[in-house]
Protein chains: 2
Amino acid sequence: MPKVTDAYREARRDEIARAALRVLERNGVRDTSIADIVEESGLSTGAIYSHFSNKVELARYVVGRFLLPRLDALEAAGDRDEIVTPRQALRGMLTAFSEAGLSTTLVLQFWGEAMVEPGLHDEMLRTAGRLRAALTHAIGPWARAQTGGAVPAPDAASAAPEASGELGPAEALAAATARSIVALAQGYIANTAVFGPRDVDEYLAGTSAVLGC
Amino acid sequence: MPKVTDAYREARRDEIARAALRVLERNGVRDTSIADIVEESGLSTGAIYSHFSNKVELARYVVGRFLLPRLDALEAAGDRDEIVTPRQALRGMLTAFSEAGLSTTLVLQFWGEAMVEPGLHDEMLRTAGRLRAALTHAIGPWARAQTGGAVPAPDAASAAPEASGELGPAEALAAATARSIVALAQGYIANTAVFGPRDVDEYLAGTSAVLGC
DNA sequence: ACCTGAACACCGTTCAAGT
DNA sequence: ACCTGAACACCGTTCAAGT
C-alpha cells in the first residue's frame with residue numbers, strides 16, 4: 001500500500017472523528033445521528049461508512065483517540081523513580097482531566113453506552129487498562145517503599161513467585177491500589193457530571209473526611 | 001374520581017413499569033424498545049401510551065419507583081440521635097444497594113441517559129436529593145459533635161443565622177459531607193459496573209489507603 | 001478506491017376506530 | 001375511559017451507480 005494513501009485515510013478518519021466529537025459535545029450520544037455527523041463533516045452517508053463499518057466503530061475510534069487524558073507525566077514520574085503517593089497520582093490525573101477540558105457528561109454517556117455495546121465496552125477496558133498500567137507504574141516506587149525497604153531493580157531477574165506467574169507484594173499492592181484510584185476518579189467524574197463542577201482539592205478533602213482521615 | 005379507578009390506573013402503571021424493568025435488566029436502556037415492553041407486558045402500544053405520555057416519562061417512573069435503595073434505616077438512625085459517622089453511612093448505603101440487587105450497569109446507563117434527557121435528569125436529581133437529605137439527617141449528630149459540643153435540639157427555634165437563611169456550622173458540614181458520600185457511592189457503582197463486582201469493605205479499605213488513612 | 005444518495009428495515013409516537 | 005393496531009416521520013445501514 002502506498003504511504004500517501006494510508007496517510008490520507010488516517011487523516012479522513014480523524015476528520016470524521018473530530019466532526020463527530022463536536023456534535024457529540026453539542027448534542028450528547030443519544031441525540032447524535034449519523035445524519036448530524038454527515039452535515040457537520042460535509043461528507044455523505046456512504047463516505048462515512050467507507051471509513052467506519054458502523055456507528056459503534058466510529059464511537060470506539062473517538063474514545064481511543066480523544067477521551068484518554070494525557071498519561072505522559074504520570075508515566076515519566078514512574079520512570080524517574082520519584083515517590084508518587086496514590087493520592088498525588090489521583091490528584092494529578094483529575095487535574096489533567098480537568099485541564100484537558102473533556103466533558104464529564106460525555107464520558108458518563110459513553111460509560112452507559114459501553115454497558116450495552118460490547119465493542120465500546122472493549123475499547124473502554126483497553127483505555128482503562130492503559131490508565132491502570134500507567135498508575136501502577138507511577139506508584140511503583142511508593143509501593144516498594146511500603147512493602148519493606150528492599151527495592152529490587154525493575155529489570156532484575158526474579159525468583160520463584162514471578163516465575164510461577166505470581167506478583168511480588170509491591171506489584172500486587174500497586175495493582176490493587178490502581179483500581180481504587182480509578183474508582184475515586186470515576187466518583188469525581190460521575191458526581192461532577194450529575195451535580196455540577198467541583199474543585200479537585202475540595203473533592204479530595206471531602207472524601208478523605210468521609211473515610212476518616 | 002372514583003377510588004377504584006385510581007387504584008386500577010396505579011396498578012396498571014406499576015404493571016407496565018415492572019414489565020419495563022424486566023426488559024431493561026435483560027437488554028439495557030439502549031436496546032429496549034417500546035415493542036419489547038409491549039411484548040413483555042402483553043398489552044398494546046396504545047395502551048402503554050394511554051398510561052405514559054412517552055418513553056422518558058415511563059423511564060422517570062421506573063427510576064422513582066424502583067431505583068432508589070430503601071432509606072428507612074438511614075432515616076431512623078438520624079431520628080434516634082445515634083452517632084453515625086460518614087463512613088458508616090456510606091457503608092450502610094452501599095450494603096443496602098448491594099442487597100437490593102439493583103443492577104449497577106442499569107444505574108450507569110440511566111445516569112448516561114439523564115445527561116441528555118432533561119426529564120430524566122430532573123428525576124435523578126429528585127431521587128438524589130432525597131438520598132442526600134437522608135444522609136444529611138443521619139450524620140447530623142456526628143456533625144454536631146464535630147462542630148463544638150453544643151447539641152441544639154433539632155426542633156428548637158433558632159437565632160439569627162437560620163432566620164437569615166444561612167445554615168449553622170453543623171448543618172453546613174453535614175450537607176457538604178453528604179455530597180462526598182454520594183460521590184464515593186457513585187465511584188463504587190461506576191467502578192463495579194465497568195470492572196466487575198467488588199466487596200464493599202475492600203472498596204472502603206482501598207479508597208482509604210489511596211487518600212492516606 | 002472513494003464517494004453519492006435513494007432505498008430498506010426498524011424505531012417512537014399518533015390517531016381514527018372499537019369496546 | 002381504556003384500548004387496538006395501522007400509519008407516519010425518522011433512524012442506522014446497504015448498495016447500485018458514478019468518478
# chains A, B, ... in the order shown; residues from 1 in each chain; ligands from 1
>>> closest_atom_pairs(of="chain C", to="chain A", cutoff="12 Å", atoms="only C-alpha atoms (C1' of nucleotides)", output="CSV")
residue,atom,partner,partner_atom,distance
C:DA1,C1',A:Thr5,CA,9.8
C:DC2,C1',A:Ala47,CA,7.4
C:DC3,C1',A:Ala47,CA,5.5
C:DT4,C1',A:Ser44,CA,6.9
C:DG5,C1',A:Ser44,CA,7.9
C:DA6,C1',A:Thr45,CA,11.5
>>> select_by_dssp(residues="region 22-58 of chain B", states="helix (DSSP H, G or I)", output="PyMOL selection string")
chain B and resi 22-27+34-41+45-49+55-58
>>> residues_around(residues="region 207-212 of chain A", least_positions_apart="3", cutoff="8 Å", atoms="only C-alpha atoms (C1' of nucleotides)", output="list in words")
Tyr203 and Leu204 of chain A; Thr85, Pro86, Arg87, Thr177, Ser180, Ile181, Ala183, Leu184, Leu204, Ser208, Leu211, Gly212 and Cys213 of chain B
>>> write_last_selection(atoms="all heavy atoms", output="mmCIF file, in the first residue's frame")
data_model
loop_
_atom_site.group_PDB
_atom_site.id
_atom_site.type_symbol
_atom_site.label_atom_id
_atom_site.label_comp_id
_atom_site.auth_asym_id
_atom_site.auth_seq_id
_atom_site.Cartn_x
_atom_site.Cartn_y
_atom_site.Cartn_z
ATOM 1 N N TYR A 203 -12.844 18.035 46.525
ATOM 2 C CA TYR A 203 -13.274 16.631 46.420
ATOM 3 C C TYR A 203 -12.366 15.720 47.235
ATOM 4 O O TYR A 203 -12.837 14.860 47.996
ATOM 5 C CB TYR A 203 -13.284 16.201 44.954
ATOM 6 C CG TYR A 203 -13.514 14.720 44.731
ATOM 7 C CD1 TYR A 203 -14.762 14.147 44.945
ATOM 8 C CD2 TYR A 203 -12.481 13.890 44.303
ATOM 9 C CE1 TYR A 203 -14.979 12.785 44.742
ATOM 10 C CE2 TYR A 203 -12.684 12.522 44.099
ATOM 11 C CZ TYR A 203 -13.929 11.987 44.321
ATOM 12 O OH TYR A 203 -14.134 10.643 44.131
ATOM 13 N N LEU A 204 -11.055 15.933 47.116
ATOM 14 C CA LEU A 204 -10.111 15.105 47.872
ATOM 15 C C LEU A 204 -10.302 15.289 49.374
ATOM 16 O O LEU A 204 -10.311 14.316 50.136
ATOM 17 C CB LEU A 204 -8.673 15.452 47.477
ATOM 18 C CG LEU A 204 -8.269 15.072 46.044
ATOM 19 C CD1 LEU A 204 -6.855 15.545 45.749
ATOM 20 C CD2 LEU A 204 -8.381 13.566 45.839
ATOM 21 N N THR B 85 -21.145 7.868 61.809
ATOM 22 C CA THR B 85 -20.079 8.587 61.103
ATOM 23 C C THR B 85 -20.357 8.534 59.600
ATOM 24 O O THR B 85 -21.076 7.647 59.126
ATOM 25 C CB THR B 85 -18.704 7.952 61.367
ATOM 26 O OG1 THR B 85 -18.698 6.637 60.807
ATOM 27 C CG2 THR B 85 -18.401 7.887 62.853
ATOM 28 N N PRO B 86 -19.795 9.480 58.845
ATOM 29 C CA PRO B 86 -19.974 9.464 57.393
ATOM 30 C C PRO B 86 -19.562 8.125 56.789
ATOM 31 O O PRO B 86 -20.225 7.599 55.896
ATOM 32 C CB PRO B 86 -19.058 10.590 56.920
ATOM 33 C CG PRO B 86 -19.004 11.531 58.065
ATOM 34 C CD PRO B 86 -19.072 10.674 59.295
ATOM 35 N N ARG B 87 -18.467 7.565 57.279
ATOM 36 C CA ARG B 87 -18.016 6.280 56.746
ATOM 37 C C ARG B 87 -19.042 5.179 56.981
ATOM 38 O O ARG B 87 -19.307 4.364 56.106
ATOM 39 C CB ARG B 87 -16.676 5.898 57.408
ATOM 40 C CG ARG B 87 -16.025 4.674 56.781
ATOM 41 C CD ARG B 87 -14.802 4.234 57.586
ATOM 42 N NE ARG B 87 -14.211 3.048 57.015
ATOM 43 C CZ ARG B 87 -13.034 3.015 56.383
ATOM 44 N NH1 ARG B 87 -12.321 4.107 56.281
ATOM 45 N NH2 ARG B 87 -12.576 1.904 55.874
ATOM 46 N N THR B 177 -20.670 17.178 53.551
ATOM 47 C CA THR B 177 -20.194 15.801 53.681
ATOM 48 C C THR B 177 -21.095 14.836 52.920
ATOM 49 O O THR B 177 -20.611 13.868 52.322
ATOM 50 C CB THR B 177 -20.124 15.413 55.166
ATOM 51 O OG1 THR B 177 -19.297 16.364 55.850
ATOM 52 C CG2 THR B 177 -19.528 14.027 55.336
ATOM 53 N N SER B 180 -20.044 14.366 49.395
ATOM 54 C CA SER B 180 -18.871 13.493 49.247
ATOM 55 C C SER B 180 -19.229 12.028 49.430
ATOM 56 O O SER B 180 -18.668 11.157 48.764
ATOM 57 C CB SER B 180 -17.786 13.912 50.235
ATOM 58 O OG SER B 180 -17.291 15.199 49.906
ATOM 59 N N ILE B 181 -20.178 11.757 50.333
ATOM 60 C CA ILE B 181 -20.637 10.375 50.495
ATOM 61 C C ILE B 181 -21.267 9.879 49.193
ATOM 62 O O ILE B 181 -20.979 8.776 48.724
ATOM 63 C CB ILE B 181 -21.662 10.260 51.654
ATOM 64 C CG1 ILE B 181 -20.996 10.631 52.980
ATOM 65 C CG2 ILE B 181 -22.252 8.856 51.715
ATOM 66 C CD1 ILE B 181 -21.945 10.614 54.166
ATOM 67 N N ALA B 183 -20.641 11.000 46.214
ATOM 68 C CA ALA B 183 -19.574 10.846 45.219
ATOM 69 C C ALA B 183 -18.879 9.495 45.382
ATOM 70 O O ALA B 183 -18.604 8.798 44.393
ATOM 71 C CB ALA B 183 -18.562 11.978 45.342
ATOM 72 N N LEU B 184 -18.617 9.095 46.625
ATOM 73 C CA LEU B 184 -17.947 7.810 46.864
ATOM 74 C C LEU B 184 -18.854 6.636 46.485
ATOM 75 O O LEU B 184 -18.379 5.619 45.977
ATOM 76 C CB LEU B 184 -17.519 7.708 48.329
ATOM 77 C CG LEU B 184 -16.265 8.529 48.670
ATOM 78 C CD1 LEU B 184 -16.157 8.783 50.166
ATOM 79 C CD2 LEU B 184 -15.004 7.827 48.162
ATOM 80 N N LEU B 204 -13.865 0.240 50.547
ATOM 81 C CA LEU B 204 -13.623 1.248 51.590
ATOM 82 C C LEU B 204 -12.161 1.254 52.014
ATOM 83 O O LEU B 204 -11.539 2.313 52.144
ATOM 84 C CB LEU B 204 -14.524 0.984 52.801
ATOM 85 C CG LEU B 204 -16.028 1.187 52.577
ATOM 86 C CD1 LEU B 204 -16.805 0.821 53.836
ATOM 87 C CD2 LEU B 204 -16.325 2.629 52.187
ATOM 88 N N SER B 208 -9.607 4.335 51.174
ATOM 89 C CA SER B 208 -8.990 4.957 52.362
ATOM 90 C C SER B 208 -7.474 5.002 52.211
ATOM 91 O O SER B 208 -6.829 6.013 52.507
ATOM 92 C CB SER B 208 -9.339 4.178 53.628
ATOM 93 O OG SER B 208 -10.730 4.217 53.864
ATOM 94 N N LEU B 211 -6.321 7.701 49.839
ATOM 95 C CA LEU B 211 -6.417 9.068 50.362
ATOM 96 C C LEU B 211 -5.510 9.282 51.567
ATOM 97 O O LEU B 211 -5.415 10.397 52.089
ATOM 98 C CB LEU B 211 -7.875 9.396 50.684
ATOM 99 C CG LEU B 211 -8.747 9.484 49.423
ATOM 100 C CD1 LEU B 211 -10.227 9.498 49.772
ATOM 101 C CD2 LEU B 211 -8.396 10.706 48.587
ATOM 102 N N GLY B 212 -4.880 8.219 52.034
ATOM 103 C CA GLY B 212 -3.865 8.382 53.069
ATOM 104 C C GLY B 212 -4.341 8.176 54.492
ATOM 105 O O GLY B 212 -3.848 8.821 55.419
ATOM 106 N N CYS B 213 -5.313 7.275 54.686
ATOM 107 C CA CYS B 213 -5.784 6.997 56.049
ATOM 108 C C CYS B 213 -4.907 5.919 56.692
ATOM 109 O O CYS B 213 -4.568 4.966 56.038
ATOM 110 C CB CYS B 213 -7.226 6.491 56.021
ATOM 111 S SG CYS B 213 -8.319 7.646 55.213
#
>>> closest_residue(among="B:Thr95, B:Asn27, B:Ser103, B:Thr136", to="chain A", atoms="only C-alpha atoms")
B:Asn27
>>> closest_residue(among="B:Glu99, B:Arg130, B:Val56, B:Thr192", to="DG12 (chain C)", atoms="only C-alpha atoms (C1' of nucleotides)")
B:Val56
>>> residues_around(residues="Thr147 (chain A)", least_positions_apart="3", cutoff="10 Å", atoms="only C-alpha atoms (C1' of nucleotides)", output="PyMOL selection string")
chain A and resi 142-144+150-151+168-171+173
>>> write_last_selection(atoms="all heavy atoms", output="PDB file, in the first residue's frame")
ATOM      1  N   TRP A 142       6.456   4.038  45.393  1.00  0.00           N
ATOM      2  CA  TRP A 142       5.720   4.149  46.662  1.00  0.00           C
ATOM      3  C   TRP A 142       5.402   2.754  47.206  1.00  0.00           C
ATOM      4  O   TRP A 142       5.614   2.452  48.381  1.00  0.00           O
ATOM      5  CB  TRP A 142       4.432   4.949  46.454  1.00  0.00           C
ATOM      6  CG  TRP A 142       3.452   4.847  47.589  1.00  0.00           C
ATOM      7  CD1 TRP A 142       3.432   5.600  48.729  1.00  0.00           C
ATOM      8  CD2 TRP A 142       2.352   3.916  47.706  1.00  0.00           C
ATOM      9  NE1 TRP A 142       2.398   5.202  49.543  1.00  0.00           N
ATOM     10  CE2 TRP A 142       1.720   4.173  48.936  1.00  0.00           C
ATOM     11  CE3 TRP A 142       1.855   2.900  46.892  1.00  0.00           C
ATOM     12  CZ2 TRP A 142       0.611   3.451  49.369  1.00  0.00           C
ATOM     13  CZ3 TRP A 142       0.753   2.171  47.322  1.00  0.00           C
ATOM     14  CH2 TRP A 142       0.146   2.453  48.553  1.00  0.00           C
ATOM     15  N   ALA A 143       4.902   1.870  46.323  1.00  0.00           N
ATOM     16  CA  ALA A 143       4.509   0.525  46.747  1.00  0.00           C
ATOM     17  C   ALA A 143       5.715  -0.253  47.277  1.00  0.00           C
ATOM     18  O   ALA A 143       5.613  -0.974  48.275  1.00  0.00           O
ATOM     19  CB  ALA A 143       3.852  -0.232  45.585  1.00  0.00           C
ATOM     20  N   ARG A 144       6.878  -0.096  46.614  1.00  0.00           N
ATOM     21  CA  ARG A 144       8.077  -0.805  47.068  1.00  0.00           C
ATOM     22  C   ARG A 144       8.534  -0.281  48.428  1.00  0.00           C
ATOM     23  O   ARG A 144       8.974  -1.044  49.283  1.00  0.00           O
ATOM     24  CB  ARG A 144       9.193  -0.686  46.017  1.00  0.00           C
ATOM     25  CG  ARG A 144       8.906  -1.550  44.781  1.00  0.00           C
ATOM     26  CD  ARG A 144      10.092  -1.620  43.826  1.00  0.00           C
ATOM     27  NE  ARG A 144      10.327  -0.378  43.102  1.00  0.00           N
ATOM     28  CZ  ARG A 144       9.716  -0.034  41.970  1.00  0.00           C
ATOM     29  NH1 ARG A 144       8.809  -0.840  41.436  1.00  0.00           N
ATOM     30  NH2 ARG A 144      10.000   1.101  41.368  1.00  0.00           N
ATOM     31  N   ALA A 150      13.352  -3.213  50.839  1.00  0.00           N
ATOM     32  CA  ALA A 150      14.033  -3.730  49.654  1.00  0.00           C
ATOM     33  C   ALA A 150      13.418  -3.179  48.374  1.00  0.00           C
ATOM     34  O   ALA A 150      12.214  -3.251  48.169  1.00  0.00           O
ATOM     35  CB  ALA A 150      13.968  -5.250  49.637  1.00  0.00           C
ATOM     36  N   VAL A 151      14.238  -2.582  47.541  1.00  0.00           N
ATOM     37  CA  VAL A 151      13.757  -2.017  46.280  1.00  0.00           C
ATOM     38  C   VAL A 151      14.463  -2.723  45.131  1.00  0.00           C
ATOM     39  O   VAL A 151      15.513  -2.288  44.676  1.00  0.00           O
ATOM     40  CB  VAL A 151      14.035  -0.497  46.206  1.00  0.00           C
ATOM     41  CG1 VAL A 151      13.497   0.071  44.893  1.00  0.00           C
ATOM     42  CG2 VAL A 151      13.413   0.217  47.389  1.00  0.00           C
ATOM     43  N   GLY A 168       5.017  -9.973  42.893  1.00  0.00           N
ATOM     44  CA  GLY A 168       5.649  -9.666  44.159  1.00  0.00           C
ATOM     45  C   GLY A 168       4.686  -8.822  44.972  1.00  0.00           C
ATOM     46  O   GLY A 168       3.729  -8.271  44.426  1.00  0.00           O
ATOM     47  N   PRO A 169       4.905  -8.715  46.297  1.00  0.00           N
ATOM     48  CA  PRO A 169       3.977  -7.962  47.149  1.00  0.00           C
ATOM     49  C   PRO A 169       3.844  -6.513  46.715  1.00  0.00           C
ATOM     50  O   PRO A 169       2.742  -5.951  46.746  1.00  0.00           O
ATOM     51  CB  PRO A 169       4.601  -8.066  48.544  1.00  0.00           C
ATOM     52  CG  PRO A 169       6.000  -8.560  48.335  1.00  0.00           C
ATOM     53  CD  PRO A 169       6.008  -9.304  47.052  1.00  0.00           C
ATOM     54  N   ALA A 170       4.935  -5.873  46.274  1.00  0.00           N
ATOM     55  CA  ALA A 170       4.867  -4.467  45.863  1.00  0.00           C
ATOM     56  C   ALA A 170       4.019  -4.314  44.607  1.00  0.00           C
ATOM     57  O   ALA A 170       3.170  -3.416  44.525  1.00  0.00           O
ATOM     58  CB  ALA A 170       6.273  -3.927  45.614  1.00  0.00           C
ATOM     59  N   GLU A 171       4.196  -5.214  43.652  1.00  0.00           N
ATOM     60  CA  GLU A 171       3.424  -5.148  42.407  1.00  0.00           C
ATOM     61  C   GLU A 171       1.944  -5.382  42.688  1.00  0.00           C
ATOM     62  O   GLU A 171       1.081  -4.714  42.120  1.00  0.00           O
ATOM     63  CB  GLU A 171       3.930  -6.186  41.391  1.00  0.00           C
ATOM     64  CG  GLU A 171       5.227  -5.811  40.684  1.00  0.00           C
ATOM     65  CD  GLU A 171       6.443  -5.999  41.589  1.00  0.00           C
ATOM     66  OE1 GLU A 171       6.296  -6.627  42.659  1.00  0.00           O
ATOM     67  OE2 GLU A 171       7.530  -5.498  41.241  1.00  0.00           O
ATOM     68  N   LEU A 173       0.336  -4.807  45.499  1.00  0.00           N
ATOM     69  CA  LEU A 173      -0.192  -3.619  46.179  1.00  0.00           C
ATOM     70  C   LEU A 173      -0.446  -2.499  45.185  1.00  0.00           C
ATOM     71  O   LEU A 173      -1.498  -1.853  45.203  1.00  0.00           O
ATOM     72  CB  LEU A 173       0.795  -3.147  47.260  1.00  0.00           C
ATOM     73  CG  LEU A 173       0.431  -1.838  47.955  1.00  0.00           C
ATOM     74  CD1 LEU A 173      -0.874  -1.983  48.745  1.00  0.00           C
ATOM     75  CD2 LEU A 173       1.558  -1.371  48.892  1.00  0.00           C
TER      76      LEU A 173
END
>>> residues_around(residues="Val23 (chain B)", least_positions_apart="3", cutoff="12 Å", atoms="only C-alpha atoms (C1' of nucleotides)", output="list in words")
Ile16, Ala17, Arg18, Ala19, Ala20, Arg26, Asn27, Gly28, Val29, Arg30, Asp31, Thr32, Ser33, Ile34, Ala35, Asp36, Ile37, Val38, Glu39, Glu40, Ser41, Val62 and Leu106 of chain B
>>> write_last_selection(atoms="N, CA, C and O atoms", output="tab-separated table (two decimals), in the first residue's frame")
chain	number	residue	atom	x	y	z
B	16	ILE	N	-47.01	-2.10	33.98
B	16	ILE	CA	-46.21	-1.71	32.81
B	16	ILE	C	-44.77	-1.44	33.22
B	16	ILE	O	-43.82	-1.90	32.59
B	17	ALA	N	-44.59	-0.70	34.34
B	17	ALA	CA	-43.25	-0.35	34.80
B	17	ALA	C	-42.44	-1.60	35.18
B	17	ALA	O	-41.25	-1.68	34.90
B	18	ARG	N	-43.11	-2.58	35.80
B	18	ARG	CA	-42.42	-3.81	36.17
B	18	ARG	C	-41.98	-4.59	34.93
B	18	ARG	O	-40.87	-5.14	34.88
B	19	ALA	N	-42.86	-4.63	33.94
B	19	ALA	CA	-42.50	-5.29	32.67
B	19	ALA	C	-41.30	-4.56	32.05
B	19	ALA	O	-40.36	-5.19	31.58
B	20	ALA	N	-41.35	-3.21	32.08
B	20	ALA	CA	-40.25	-2.41	31.52
B	20	ALA	C	-38.95	-2.72	32.24
B	20	ALA	O	-37.90	-2.92	31.60
B	26	ARG	N	-32.70	-7.05	31.27
B	26	ARG	CA	-32.27	-8.08	30.32
B	26	ARG	C	-31.47	-7.46	29.17
B	26	ARG	O	-30.42	-7.96	28.80
B	27	ASN	N	-31.95	-6.35	28.62
B	27	ASN	CA	-31.40	-5.82	27.36
B	27	ASN	C	-30.65	-4.49	27.48
B	27	ASN	O	-29.98	-4.09	26.54
B	28	GLY	N	-30.82	-3.76	28.58
B	28	GLY	CA	-30.21	-2.44	28.69
B	28	GLY	C	-31.10	-1.34	28.13
B	28	GLY	O	-32.03	-1.60	27.36
B	29	VAL	N	-30.81	-0.10	28.50
B	29	VAL	CA	-31.65	1.05	28.14
B	29	VAL	C	-31.70	1.24	26.63
B	29	VAL	O	-32.76	1.39	26.03
B	30	ARG	N	-30.53	1.18	25.98
B	30	ARG	CA	-30.46	1.46	24.56
B	30	ARG	C	-31.18	0.41	23.72
B	30	ARG	O	-31.77	0.73	22.69
B	31	ASP	N	-31.11	-0.84	24.16
B	31	ASP	CA	-31.69	-1.91	23.36
B	31	ASP	C	-33.09	-2.31	23.79
B	31	ASP	O	-33.57	-3.39	23.44
B	32	THR	N	-33.73	-1.48	24.59
B	32	THR	CA	-35.12	-1.75	24.97
B	32	THR	C	-36.04	-0.85	24.17
B	32	THR	O	-36.00	0.37	24.30
B	33	SER	N	-36.87	-1.46	23.33
B	33	SER	CA	-37.82	-0.68	22.53
B	33	SER	C	-39.20	-0.78	23.14
B	33	SER	O	-39.49	-1.67	23.95
B	34	ILE	N	-40.06	0.17	22.77
B	34	ILE	CA	-41.45	0.11	23.20
B	34	ILE	C	-42.06	-1.23	22.80
B	34	ILE	O	-42.82	-1.84	23.56
B	35	ALA	N	-41.68	-1.71	21.61
B	35	ALA	CA	-42.19	-3.00	21.14
B	35	ALA	C	-41.84	-4.12	22.11
B	35	ALA	O	-42.65	-5.02	22.35
B	36	ASP	N	-40.62	-4.08	22.68
B	36	ASP	CA	-40.22	-5.09	23.67
B	36	ASP	C	-41.12	-5.04	24.90
B	36	ASP	O	-41.51	-6.07	25.45
B	37	ILE	N	-41.40	-3.81	25.36
B	37	ILE	CA	-42.23	-3.64	26.56
B	37	ILE	C	-43.66	-4.06	26.26
B	37	ILE	O	-44.34	-4.66	27.11
B	38	VAL	N	-44.12	-3.76	25.05
B	38	VAL	CA	-45.44	-4.21	24.61
B	38	VAL	C	-45.52	-5.74	24.72
B	38	VAL	O	-46.45	-6.28	25.31
B	39	GLU	N	-44.49	-6.41	24.19
B	39	GLU	CA	-44.49	-7.87	24.19
B	39	GLU	C	-44.45	-8.41	25.63
B	39	GLU	O	-45.23	-9.28	26.00
B	40	GLU	N	-43.53	-7.85	26.45
B	40	GLU	CA	-43.35	-8.33	27.82
B	40	GLU	C	-44.61	-8.11	28.66
B	40	GLU	O	-44.94	-8.93	29.51
B	41	SER	N	-45.29	-7.00	28.43
B	41	SER	CA	-46.46	-6.67	29.25
B	41	SER	C	-47.73	-7.34	28.73
B	41	SER	O	-48.72	-7.44	29.46
B	62	VAL	N	-39.98	4.50	36.36
B	62	VAL	CA	-39.18	3.34	36.77
B	62	VAL	C	-38.10	3.78	37.77
B	62	VAL	O	-37.88	3.13	38.80
B	106	LEU	N	-27.32	-1.01	34.99
B	106	LEU	CA	-28.55	-0.29	34.64
B	106	LEU	C	-28.51	1.14	35.20
B	106	LEU	O	-28.90	2.09	34.52
>>> closest_residue(among="B:Glu15, B:Asp72, B:Glu82, B:Glu25", to="chain A", atoms="only C-alpha atoms")
B:Glu25
